[in-house]
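Below is one structure; the comments refer to it alone.
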Amino acid sequence: MSEFNDRERAFDLKFERDEEMQFRIMARRNRLLGEWAARQMGLSEVETEAYAKDVVRADFEEAGDETVIRKVLGDLISAGVDGEASLVREVLGQKLVEARRQIIEQTNL
């Protein structure tokens with residue numbers, strides 16, 4: 001019975017670590033997307049930092065990528081930058097790869 005409990009505990013710990021890793025990757029992805037969008041809008045360094053945080057927070061409003069995409073696309077258009085949802089989705093995918101690499105490198109130090 002102890003072996004079963006140990007295996008169950010190990011599974012729970014792995015699940016918890018995996019969920020935390022996924023959360024960190026998605027938050028980093030959103031931050032990177034926010035930084036990209038801020039550069040497109042010509043924001044200052046301070047404004048870029050604040051905007052990137054706003055994009056991360058936008059993901060907490062509603063589950064899924066659509067909230068983040070709508071926010072960034074709306075902000076780009078409001079700033080007079082030509083933007084399309086397909087471009088934002090493409091960049092989002094690129095930033096996911098970059099975020100995953102960054103987080104994995106951080107955890108392997």
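The way I read the labels, and the way they are meant: chains A, B, ... in the order of the structure tokens, residue 1 as the first residue of every chain, and ligand 1 as the first ligand shown, with later ones counted on from there.
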
Near-Lys95 of chain A list (9 Å; only C-alpha atoms; drop same-chain fewer than 4 positions) as a PyMOL selection string: chain A and resi 28-33+90-91+99-100

Which neighbours of Gly83 of chain A fall inside 9 Å, counting only C-alpha atoms, when residues of the same chain fewer than 6 positions from it are skipped, and could you give them as a PyMOL selection string? chain A and resi 73-74+76-77

Residues from last step as file, C-alpha atoms, as a short mmCIF file (atom, residue, chain, number, x, y, z; two decimals), in the first residue's frame:
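After the write, result05.cif holds the following:
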```
data_model
loop_
_atom_site.label_atom_id
_atom_site.label_comp_id
_atom_site.auth_asym_id
_atom_site.auth_seq_id
_atom_site.Cartn_x
_atom_site.Cartn_y
_atom_site.Cartn_z
CA LEU A 73 -4.98 43.68 -31.91
CA GLY A 74 -7.27 46.39 -30.54
CA LEU A 76 -2.36 48.05 -32.30
CA ILE A 77 -5.29 49.38 -34.32
#
```

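Shortest separation to Glu35 of chain A among A:Ala58, A:Thr67, A:Glu19, A:Val72 occurs at residue A:Val72, atoms counted being only C-alpha atoms.
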
Run DSSP on the backbone and tell me which residues of segment 51-105 of chain A come out as alpha helix (DSSP H); list them as number ranges by chain. A: 51-61, 66-78, 85-105

If you count only C-alpha atoms, which residues fall within 12 Å of Met26 of chain A, apart from same-chain ones fewer than 6 positions away, as a compact mmCIF listing (two decimals) with N, CA, C and O atoms, in the first residue's frame?
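Result went into around-v2.txt, see below:
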```txt
# COMPACT_ATOMS: atom_id res chain seq x y z
N GLU A 19 1.87 21.82 -14.32
CA GLU A 19 0.91 22.93 -14.38
C GLU A 19 1.60 24.27 -14.10
O GLU A 19 1.33 25.26 -14.78
N GLU A 20 2.48 24.29 -13.13
CA GLU A 20 3.21 25.51 -12.82
C GLU A 20 4.10 25.92 -13.99
O GLU A 20 4.17 27.10 -14.36
N LEU A 32 6.16 38.49 -23.72
CA LEU A 32 6.94 38.68 -24.94
C LEU A 32 6.07 39.27 -26.05
O LEU A 32 6.52 40.13 -26.82
N LEU A 33 4.82 38.81 -26.15
CA LEU A 33 3.89 39.36 -27.13
C LEU A 33 3.64 40.84 -26.85
O LEU A 33 3.63 41.66 -27.76
N VAL A 55 -0.78 43.01 -20.83
CA VAL A 55 -1.10 41.86 -21.70
C VAL A 55 -1.13 40.58 -20.87
O VAL A 55 -2.02 39.75 -21.05
N VAL A 56 -0.20 40.43 -19.95
CA VAL A 56 -0.20 39.25 -19.07
C VAL A 56 -1.49 39.22 -18.26
O VAL A 56 -2.16 38.19 -18.15
N ARG A 57 -1.89 40.37 -17.71
CA ARG A 57 -3.12 40.44 -16.91
C ARG A 57 -4.37 40.15 -17.76
O ARG A 57 -5.34 39.59 -17.25
N ALA A 58 -4.33 40.51 -19.02
CA ALA A 58 -5.50 40.28 -19.89
C ALA A 58 -5.83 38.80 -19.98
O ALA A 58 -6.99 38.43 -20.12
N ASP A 59 -4.82 37.95 -19.87
CA ASP A 59 -5.05 36.51 -19.96
C ASP A 59 -5.83 35.99 -18.76
O ASP A 59 -6.45 34.94 -18.83
N PHE A 60 -5.81 36.71 -17.66
CA PHE A 60 -6.53 36.28 -16.47
C PHE A 60 -8.02 36.61 -16.55
O PHE A 60 -8.82 36.07 -15.79
N ALA A 63 -10.32 32.65 -19.97
CA ALA A 63 -9.45 31.56 -20.40
C ALA A 63 -9.31 31.53 -21.91
O ALA A 63 -10.25 31.86 -22.64
N GLY A 64 -8.13 31.19 -22.37
CA GLY A 64 -7.89 31.07 -23.80
C GLY A 64 -7.11 32.24 -24.37
O GLY A 64 -6.97 33.29 -23.74
N ASP A 65 -6.63 32.05 -25.57
CA ASP A 65 -5.78 33.04 -26.21
C ASP A 65 -6.55 34.22 -26.79
O ASP A 65 -5.97 35.28 -27.03
N VAL A 68 -6.23 37.71 -25.16
CA VAL A 68 -4.92 38.34 -25.39
C VAL A 68 -4.85 38.87 -26.82
O VAL A 68 -4.40 39.99 -27.06
N LEU A 92 2.17 35.25 -31.70
CA LEU A 92 1.86 34.54 -30.46
C LEU A 92 2.50 33.15 -30.48
O LEU A 92 3.09 32.72 -29.49
N GLY A 93 2.38 32.46 -31.60
CA GLY A 93 3.00 31.15 -31.74
C GLY A 93 4.52 31.21 -31.64
O GLY A 93 5.15 30.36 -30.99
N LYS A 95 6.24 33.50 -30.08
CA LYS A 95 6.58 33.87 -28.70
C LYS A 95 6.40 32.68 -27.75
O LYS A 95 7.10 32.57 -26.75
N LEU A 96 5.48 31.77 -28.08
CA LEU A 96 5.31 30.56 -27.27
C LEU A 96 6.58 29.72 -27.33
O LEU A 96 7.07 29.24 -26.30
N VAL A 97 7.13 29.55 -28.51
CA VAL A 97 8.38 28.78 -28.67
C VAL A 97 9.51 29.46 -27.90
O VAL A 97 10.26 28.80 -27.17
N GLU A 98 9.60 30.78 -28.04
CA GLU A 98 10.65 31.53 -27.35
C GLU A 98 10.48 31.44 -25.83
O GLU A 98 11.45 31.25 -25.09
N ALA A 99 9.25 31.58 -25.37
CA ALA A 99 8.98 31.52 -23.92
C ALA A 99 9.33 30.14 -23.36
O ALA A 99 9.94 30.04 -22.29
N ARG A 100 8.95 29.11 -24.07
CA ARG A 100 9.24 27.74 -23.62
C ARG A 100 10.76 27.55 -23.50
O ARG A 100 11.26 27.03 -22.52
N ARG A 101 11.49 28.02 -24.51
CA ARG A 101 12.95 27.90 -24.48
C ARG A 101 13.53 28.66 -23.28
O ARG A 101 14.37 28.14 -22.56
N GLN A 102 13.06 29.88 -23.07
CA GLN A 102 13.58 30.69 -21.97
C GLN A 102 13.31 30.05 -20.61
O GLN A 102 14.19 29.99 -19.75
N ILE A 103 12.09 29.57 -20.41
CA ILE A 103 11.74 28.97 -19.11
C ILE A 103 12.53 27.68 -18.89
O ILE A 103 13.03 27.43 -17.79
```

Using only C-alpha atoms, which of the listed residues (A:Val46, A:Met41, A:Ala52, A:Leu87) sits closest to Asp75 of chain A? A:Met41

Which residue gives the smallest distance to Arg39 of chain A among A:Met21, A:Glu84, A:Arg89, A:Ala79, with only C-alpha atoms counted? A:Ala79
